[in-house]
Each structure stands twice: as C-alpha cells, then as structure tokens.
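Here's the structure we're looking at; comments come further down.
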Amino acid sequence: MLNKKMKITKIVRKVCKDFEPYIAGKSINTIKREFGLESVIKLASNENPLGASKKALEAIKSNFEDIFFYPDSNSYYLKKTLSETYNLPIKNIFTAAGGDEIIELIAKLFFNHEDEIVISKHSFIRYAMAVKLMDSKAVIVPMKEEGLTYDLMALLGACTKKTKAIFVTNPNNPTGTYNTKSELLEFLSDLPLNDKFGIKPLVVLDEAYFEYALLEKDYPNGLDFLKGNPNLIVFRTFSKIYGLAGLRVGYGFADEEVVDYIERIRPPFNVNFLAQVAAAAAILDKEQVEKSQKLVKEEKKYLYKEFEKLKVKYINSAANFVLFSSLPFKGKELFGKFLKEGIILRSMDEYELPYYVRVTIGTHKENELFVEKLKKLINLNRN
Ligand SMILES: Cc1ncc(COP(=O)(O)O)c(C=O)c1O
C-alpha cells in the first residue's frame, strides 16, 4: 500500500505534471454502455471499415499457437518482406509498435531540452506530446489560411540554430490535406544547414495514410527522397488501410545510421509476434489495398455531394476521413449529439479547430446513416 502522506507529485518529472493525455476515440462498447444503445458505429479513428487484410487474418490463424515464444526481437521476416516490397535494403528499415511508438522513439533518440522542434499547427497531436515529454520546445507554425494546408515555406522560416527536427504529415491528420511532390522537393532542398550540428534538421515525414493518398495527383512517395537526404525519416503504419490497428505495428525508412540508433534504444520485442506475422502478410495484400482505395474514393465523392447539398463546409481530403465544419454547433456539441444517435465521430478541440468535426469514411451504409443523422441535426437547428 502506498503511504497516503506520500506526495507522488513531488517526484514526478516537471513536464509530466500538467501532461494532457491523448484523447483516444471512444470504443463502440463504451458508447453502447454509456448511452444504453444497441447499435453503434465508429467513424472516429480512421480505421478501415472493411476490416483487416484477409491475408493477415490467415497468417494469424496459422501462427497463433506459437504465441508462447517471444517474438523475433529484430522483426527480421517483416523487415525482409518490406525490403523486397519497397526495394530498399533492410539496414534502412525499422519497425515499431505503431507510428505512435515511432514518434516517441525519434523523440527519445534526438530531442534534448535545448532543442526546437518545428511542427505545423493542426497537425497530428502526438508530435507535440513527444516533444513535451522530452522537455524540448515545440515551435508551432500556422497553416496556409486557405484550405488548411501545410505551409512548408513557413516551416523553413521557423528554423533557427536550435532546430533539431521538423515533422511533416503527408497527408495530414486531421485536415486530410497534402503537399505535392514539387513542394516537398523544394522544401527538402531549401532546408538550411544547421551550423551547430553540421547537418540539416531532421525531417520526419509521417505517411500514415500513404496508400489512400496515392490516388491524388502529384502526391509524392517519401521513399523517393531518401537518397540524397540522410536527414529524412519516413514512416507508415499497418493501422489504416491494412486494417491492423489493434495489433499496433508500424515501420519506417531512414539512413542506416539513424536505423542503427533506433534499434539500440527501442524496447526489445516491441513488435509482437502476431503483429509481425500479420503485417508481413498484409503488405503483400494488393486486393486489400485496391478495394479499400476504391471504397474511400467512391464514398468521399458521396459525402462531398451530401455536404454540398446541406451547405456544410468541408475540406477535400487525400485520406480516409473528412474534416467538416460543425457550424452552427461547436464541434464538441455536434460530436455529443452524434454520440446519442449511436455514431462516434471526432471533435477537434485539441487540434485548435473547435468548429470542426472529423468523420472517418465508413461503408456506404454507415456513411448513409451518418448523412441521415447530420441532415436531421442540421434541419432541427435551422427550422
Ligand atoms: C498522421 C498519423 N500518424 C501516426 C498515427 C499513428 O498510428 P499508429 O500508431 O496506429 O500506427 C496516426 C494515427 O491515427 C496518424 O493519424
């Protein structure tokens, strides 16, 4: 038993004392329980409504009895499969328990107290959290006002002698916007050399929604820029299009020296056995990728049309979600109204977008239900 007089707060690291936890999308069972609902759909965390890759499921079924062994700490087979798929040497590849762990590993490896890390406003919140955890300084740069897009030139402008790294999400969560190949190339080549470190700042390119964004004109593949940019780290995830969010597995590509350091500091066995087996099968599952891309493409068209009919402002998205204006409601209010109707969305207060809500593209039936409830809520308010 803890001694009641013990003041734990006194020994907690200063940066952890006011640490805000990540607000995870609520689960279906939680909402069923809280609202006494029988049927609930989740369009909150950008998961794949078609479910997990069938190839991954088969691989799990034929391997699950071996879970009493520790996994291969080096994820060799998964790395080998990634290496063959992307035609890059294994020494340039690392794996981790999701993009989330990758972000934290990068922070632990590079960020000191005196370092500045450049982050775009309205971009994935886990970067700022990792920076805070390391007690470094996050330099937040506004987006381009029009269209809520990354302002890459403004990111460059924010670099100082203390800049250790810049995070770039392409396409970005939660806005769904993306930067083109020529924009990214210009950004990488214009990065100022840091005299103190003798190298350019690290660029951490988060491509969690890469496979969805491939359908966009001039969307760049970050891997094409690795050659010639030893300061570039690209990472992706199995949580989105491959439908393996519950297994927690992500992967990244970087200069071999960076990979070597990441390998040294990561926890042993950080990618669990079934995650490795499933991910190695999923990466070869072209059918999963194609049918998911098709669904998202068609359903985004459907949602855009319905938003337009309802005169609801939305942002064109290169990913499997759409950010839309919650007006006349506050985002949190609209989110709450949807919850009562059995639909879990994501409000955006922590992204400093209090009048927006994000909806993950679901199956057609789920999207129809979402539109039906949106119509009802908006009309109720307008009448
Ligand atoms: C932009 C972005 N990066 C990284 C992640 C982390 O994904 P995971 O940890 O599931 O791989 C997410 C998850 O939502 C994301 O949206």
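If you're wondering about the labels, chains in the structure tokens are A, B, ... by order shown, residues count from 1 in each chain, ligands from 1 in order shown.
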
For this session: Would you list the contacts of segment 182-197 of chain A as a ChimeraX atom specification, taking every protein, DNA or RNA residue within 9 Å and counting only C-alpha atoms, but skipping same-chain residues closer than 2 positions in sequence?
Result: /A:152-153,155-156,159-164,179-180,199-201,203,218,220,222,225,229,232

Generate a file of the selected residues that holds N, CA and C atoms, formatted as a short mmCIF file (atom, residue, chain, number, x, y, z; two decimals), in the first residue's frame.
```
data_model
loop_
_atom_site.label_atom_id
_atom_site.label_comp_id
_atom_site.auth_asym_id
_atom_site.auth_seq_id
_atom_site.Cartn_x
_atom_site.Cartn_y
_atom_site.Cartn_z
N LEU A 152 4.87 24.74 -46.08
CA LEU A 152 6.24 24.23 -45.96
C LEU A 152 7.28 25.35 -45.91
N MET A 153 7.02 26.42 -46.66
CA MET A 153 7.99 27.53 -46.64
C MET A 153 8.01 28.21 -45.26
N LEU A 155 7.49 26.64 -42.50
CA LEU A 155 8.23 25.73 -41.63
C LEU A 155 9.73 26.03 -41.75
N LEU A 156 10.16 26.24 -42.99
CA LEU A 156 11.58 26.58 -43.20
C LEU A 156 11.92 27.89 -42.49
N CYS A 159 12.89 27.81 -38.81
CA CYS A 159 14.12 27.13 -38.37
C CYS A 159 15.12 28.12 -37.79
N THR A 160 15.71 27.73 -36.69
CA THR A 160 16.77 28.55 -36.08
C THR A 160 17.98 27.63 -35.85
N LYS A 161 18.97 28.18 -35.16
CA LYS A 161 20.16 27.39 -34.84
C LYS A 161 19.82 26.20 -33.93
N LYS A 162 18.68 26.34 -33.26
CA LYS A 162 18.33 25.29 -32.30
C LYS A 162 17.42 24.21 -32.91
N THR A 163 17.06 24.36 -34.17
CA THR A 163 16.09 23.42 -34.75
C THR A 163 16.71 22.04 -34.97
N LYS A 164 16.17 21.07 -34.30
CA LYS A 164 16.69 19.70 -34.42
C LYS A 164 15.88 18.92 -35.47
N ASN A 179 0.77 17.79 -49.43
CA ASN A 179 1.70 18.61 -50.20
C ASN A 179 2.18 17.82 -51.41
N THR A 180 2.38 18.52 -52.52
CA THR A 180 2.73 17.86 -53.77
C THR A 180 4.22 17.53 -53.80
N ILE A 199 24.64 19.52 -39.84
CA ILE A 199 23.71 18.86 -40.79
C ILE A 199 22.40 19.65 -40.84
N LYS A 200 21.58 19.30 -41.84
CA LYS A 200 20.26 19.93 -41.92
C LYS A 200 19.37 19.35 -40.83
N PRO A 201 18.32 20.08 -40.43
CA PRO A 201 17.41 19.49 -39.43
C PRO A 201 16.80 18.18 -39.96
N VAL A 203 14.00 15.68 -40.98
CA VAL A 203 12.61 15.81 -41.44
C VAL A 203 11.94 14.47 -41.17
N ASP A 218 -0.03 14.07 -58.25
CA ASP A 218 1.23 14.64 -57.78
C ASP A 218 1.50 14.41 -56.29
N PRO A 220 3.51 12.78 -53.53
CA PRO A 220 4.85 12.19 -53.57
C PRO A 220 5.01 10.96 -52.68
N GLY A 222 7.45 9.46 -50.25
CA GLY A 222 8.59 9.94 -49.47
C GLY A 222 9.85 9.11 -49.67
N PHE A 225 12.73 10.24 -51.85
CA PHE A 225 13.62 11.33 -51.44
C PHE A 225 14.71 10.89 -50.47
N ASN A 229 19.07 12.56 -49.00
CA ASN A 229 18.58 13.27 -47.81
C ASN A 229 18.75 12.41 -46.56
N LEU A 232 16.34 12.56 -43.61
CA LEU A 232 14.92 12.24 -43.77
C LEU A 232 14.56 10.90 -43.15
#
```

Exercise. Got a sec: who's within 10 Å of Ser136 of chain A, counting only C-alpha atoms, leaving out chain neighbours fewer than 6 positions off, as a PyMOL selection string?
Worked result: chain A and resi 15+107+111-117+128+130+164

What would the file look like if the residues just selected were written as a PDB file, in the first residue's frame with C-alpha atoms?
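So result_16.pdb came out as:
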```pdb
ATOM      1  CA  VAL A  15       6.906  18.124 -17.778  1.00  0.00           C
ATOM      2  CA  ALA A 107      11.907  11.961 -29.764  1.00  0.00           C
ATOM      3  CA  PHE A 111      15.370  15.634 -28.636  1.00  0.00           C
ATOM      4  CA  ASN A 112      17.273  17.369 -25.866  1.00  0.00           C
ATOM      5  CA  HIS A 113      15.969  20.062 -23.570  1.00  0.00           C
ATOM      6  CA  GLU A 114      17.511  22.916 -25.552  1.00  0.00           C
ATOM      7  CA  ASP A 115      16.257  21.699 -28.947  1.00  0.00           C
ATOM      8  CA  GLU A 116      13.494  23.252 -31.005  1.00  0.00           C
ATOM      9  CA  ILE A 117      11.174  21.035 -32.989  1.00  0.00           C
ATOM     10  CA  ALA A 128       3.795  17.940 -29.754  1.00  0.00           C
ATOM     11  CA  ALA A 130       6.509  13.648 -27.700  1.00  0.00           C
ATOM     12  CA  LYS A 164      16.687  19.703 -34.425  1.00  0.00           C
TER      13      LYS A 164
END
```

Problem set entry | Nearest candidate to ligand 1 (options A:Leu244, A:Leu37, A:Val322, A:Leu334; using only C-alpha atoms and all ligand atoms) | A:Leu244

For this session: List all protein, DNA and RNA residues that have an atom no more than 9 Å from any atom of ligand 1, counting only C-alpha atoms and all ligand atoms, and report them as a ChimeraX atom specification.
Result: /A:45-47,96-103,123-127,169-174,206-209,235-240,244-251

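For the pair atom CA of Leu205 of chain A and atom CA of Asn221 of chain A, the separation is 10.2 Å.
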
Problem set entry | Residue set, segment 224-363 of chain A restricted to helix (DSSP H, G or I), as number ranges by chain | A: 224-225, 245-247, 256-265, 273-282, 286-309, 331-340, 349-351

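The protein and nucleic acid residues lying at most 12 Å from Ala154 of chain A are Val118, Ile119, Ser120, Lys121, Val139, Ile140, Val141, Pro142, Met143, Lys144, Glu145, Ile166, Phe187, Asp190 and Leu191 of chain A, with only C-alpha atoms considered and sequence neighbours fewer than 6 positions away removed.
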
Residues from last step as file, N, CA and C atoms, as a PDB file, in the first residue's frame:
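Saved to result-v7.pdb:
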```pdb
ATOM      1  N   VAL A 118      10.124  21.868 -35.006  1.00  0.00           N
ATOM      2  CA  VAL A 118       9.137  22.638 -35.764  1.00  0.00           C
ATOM      3  C   VAL A 118       7.972  21.733 -36.169  1.00  0.00           C
ATOM      4  N   ILE A 119       6.763  22.212 -35.822  1.00  0.00           N
ATOM      5  CA  ILE A 119       5.545  21.421 -36.057  1.00  0.00           C
ATOM      6  C   ILE A 119       4.493  22.340 -36.669  1.00  0.00           C
ATOM      7  N   SER A 120       3.712  21.841 -37.584  1.00  0.00           N
ATOM      8  CA  SER A 120       2.633  22.661 -38.140  1.00  0.00           C
ATOM      9  C   SER A 120       1.427  22.649 -37.206  1.00  0.00           C
ATOM     10  N   LYS A 121       0.772  23.794 -37.118  1.00  0.00           N
ATOM     11  CA  LYS A 121      -0.489  23.860 -36.373  1.00  0.00           C
ATOM     12  C   LYS A 121      -1.487  22.905 -37.051  1.00  0.00           C
ATOM     13  N   VAL A 139       7.936  24.416 -31.764  1.00  0.00           N
ATOM     14  CA  VAL A 139       7.696  25.703 -32.439  1.00  0.00           C
ATOM     15  C   VAL A 139       6.544  25.460 -33.412  1.00  0.00           C
ATOM     16  N   ILE A 140       5.412  26.062 -33.108  1.00  0.00           N
ATOM     17  CA  ILE A 140       4.201  25.762 -33.893  1.00  0.00           C
ATOM     18  C   ILE A 140       4.020  26.811 -34.992  1.00  0.00           C
ATOM     19  N   VAL A 141       3.903  26.326 -36.213  1.00  0.00           N
ATOM     20  CA  VAL A 141       3.822  27.214 -37.381  1.00  0.00           C
ATOM     21  C   VAL A 141       2.408  27.160 -37.966  1.00  0.00           C
ATOM     22  N   PRO A 142       1.803  28.328 -38.251  1.00  0.00           N
ATOM     23  CA  PRO A 142       0.436  28.295 -38.815  1.00  0.00           C
ATOM     24  C   PRO A 142       0.382  27.587 -40.171  1.00  0.00           C
ATOM     25  N   MET A 143      -0.793  27.101 -40.496  1.00  0.00           N
ATOM     26  CA  MET A 143      -1.003  26.513 -41.822  1.00  0.00           C
ATOM     27  C   MET A 143      -1.322  27.635 -42.802  1.00  0.00           C
ATOM     28  N   LYS A 144      -1.334  27.303 -44.087  1.00  0.00           N
ATOM     29  CA  LYS A 144      -1.823  28.284 -45.063  1.00  0.00           C
ATOM     30  C   LYS A 144      -3.290  28.499 -44.745  1.00  0.00           C
ATOM     31  N   GLU A 145      -3.703  29.751 -44.709  1.00  0.00           N
ATOM     32  CA  GLU A 145      -5.083  30.006 -44.283  1.00  0.00           C
ATOM     33  C   GLU A 145      -6.085  29.343 -45.196  1.00  0.00           C
ATOM     34  N   ILE A 166      11.916  18.651 -37.928  1.00  0.00           N
ATOM     35  CA  ILE A 166      10.640  19.193 -38.418  1.00  0.00           C
ATOM     36  C   ILE A 166       9.731  18.000 -38.708  1.00  0.00           C
ATOM     37  N   PHE A 187      11.098  22.060 -50.501  1.00  0.00           N
ATOM     38  CA  PHE A 187      11.272  22.153 -49.046  1.00  0.00           C
ATOM     39  C   PHE A 187      12.556  21.441 -48.611  1.00  0.00           C
ATOM     40  N   ASP A 190      15.670  23.268 -49.808  1.00  0.00           N
ATOM     41  CA  ASP A 190      15.895  24.600 -49.212  1.00  0.00           C
ATOM     42  C   ASP A 190      16.162  24.570 -47.711  1.00  0.00           C
ATOM     43  N   LEU A 191      16.140  23.386 -47.103  1.00  0.00           N
ATOM     44  CA  LEU A 191      16.375  23.308 -45.650  1.00  0.00           C
ATOM     45  C   LEU A 191      17.733  23.898 -45.312  1.00  0.00           C
TER      46      LEU A 191
END
```

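With distances restricted to only C-alpha atoms, A:Lys297 is the closest residue to His364 of chain A from A:Lys108, A:Lys26, A:Lys137, A:Lys297.
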
Exercise. Which residue out of A:Asn272, A:Thr363, A:Thr9, A:Asn379 has the minimum interatomic distance to Leu78 of chain A when only C-alpha atoms are used?
Worked result: A:Asn272

Exercise. Where does DSSP see strand (DSSP E) in segment 146-373 of chain A, if you list the residues as a PyMOL selection string?
Worked result: chain A and resi 163-169+202-206+232-237+250-253+321-325+343-344+346-347+356-360

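Across the structure, atom CA of Asp260 of chain A and atom CA of Leu202 of chain A are spaced 15.7 Å apart.
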
Using only C-alpha atoms, I'd like a table of the residues in segment 255-368 of chain A that come within 6 Å of segment 67-74 of chain A; for each, show the closest atom pair and its distance in Å rounded to one decimal, ordered by chain and ascending number, as CSV.
```
residue,atom,partner,partner_atom,distance
A:Pro268,CA,A:Ser73,CA,5.7
A:Phe269,CA,A:Ser73,CA,4.2
A:Asn272,CA,A:Pro71,CA,5.9
A:Phe273,CA,A:Pro71,CA,4.5
```

Can you tell me, as a compact mmCIF listing (two decimals) with C-alpha atoms, in the first residue's frame, what residues are no more than 9 Å from Ile361 of chain A when counting only C-alpha atoms, ignoring any on the same chain fewer than 5 positions away?
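Written file, part.txt:
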```txt
# COMPACT_ATOMS: atom_id res chain seq x y z
CA LEU A 43 -16.24 6.66 -37.58
CA ASN A 46 -9.62 6.33 -39.31
CA GLU A 47 -9.71 2.56 -39.15
CA ASN A 48 -10.63 0.53 -42.22
CA PRO A 49 -14.38 -0.28 -42.24
CA LEU A 295 -14.35 2.36 -51.28
CA VAL A 296 -12.76 5.53 -49.93
CA GLU A 299 -17.54 7.28 -50.53
CA LYS A 300 -15.66 10.57 -50.35
CA LEU A 303 -20.02 12.53 -48.72
CA ASN A 320 -9.83 8.08 -45.41
CA PHE A 321 -11.51 10.80 -43.36
CA VAL A 322 -13.06 14.20 -43.95
CA GLU A 366 -22.50 3.67 -42.38
CA ASN A 367 -21.97 6.83 -44.39
```

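For the choices A:Ala279, A:Leu345, A:Val371, A:Ala318, the atom-to-atom distance to Lys54 of chain A is smallest for A:Ala279 when using only C-alpha atoms.
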
For this session: Kindly indicate which residue among A:Val271, A:Leu323, A:Ala254, A:Leu50 lies nearest to Gln293 of chain A, using only C-alpha atoms for the distances.
Result: A:Leu50

Can you list every residue of segment 53-139 of chain A that has an atom at most 10 Å from segment 16-22 of chain A, with its nearest atom pair and the distance in Å to one decimal, using only C-alpha atoms, ordered by chain then number, as JSON lines?
```
{"residue": "A:Ile125", "atom": "CA", "partner": "A:Tyr22", "partner_atom": "CA", "distance": 8.1}
{"residue": "A:Arg126", "atom": "CA", "partner": "A:Tyr22", "partner_atom": "CA", "distance": 7.7}
{"residue": "A:Met129", "atom": "CA", "partner": "A:Phe19", "partner_atom": "CA", "distance": 8.3}
{"residue": "A:Lys132", "atom": "CA", "partner": "A:Phe19", "partner_atom": "CA", "distance": 8.2}
{"residue": "A:Leu133", "atom": "CA", "partner": "A:Cys16", "partner_atom": "CA", "distance": 6.9}
{"residue": "A:Met134", "atom": "CA", "partner": "A:Cys16", "partner_atom": "CA", "distance": 9.7}
{"residue": "A:Asp135", "atom": "CA", "partner": "A:Cys16", "partner_atom": "CA", "distance": 9.2}
```

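The residue set within 9 Å of Lys332 of chain A, counting only C-alpha atoms and dropping same-chain residues fewer than 6 places from it, reads A:Ser326, A:Arg346, A:Ser347, A:Met348, A:Asp349, A:Pro354, A:Tyr355, A:Tyr356, A:Val357.
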
Go ahead and write the residues just picked, C-alpha atoms, as a PDB file, in the first residue's frame.
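Below is the file that was written, out16.pdb:
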```pdb
ATOM      1  CA  SER A 326     -19.719  21.799 -37.298  1.00  0.00           C
ATOM      2  CA  ARG A 346     -14.046  13.000 -33.512  1.00  0.00           C
ATOM      3  CA  SER A 347     -14.258  16.573 -32.291  1.00  0.00           C
ATOM      4  CA  MET A 348     -11.218  18.717 -32.826  1.00  0.00           C
ATOM      5  CA  ASP A 349     -10.681  20.948 -29.809  1.00  0.00           C
ATOM      6  CA  PRO A 354     -13.255  23.979 -32.229  1.00  0.00           C
ATOM      7  CA  TYR A 355     -15.778  24.370 -35.060  1.00  0.00           C
ATOM      8  CA  TYR A 356     -14.828  21.228 -36.932  1.00  0.00           C
ATOM      9  CA  VAL A 357     -15.559  17.530 -36.655  1.00  0.00           C
TER      10      VAL A 357
END
```

Exercise. Mind pulling up the distance from atom CA of Val12 of chain A to atom CA of Ala138 of chain A?
Worked result: 21.3 Å
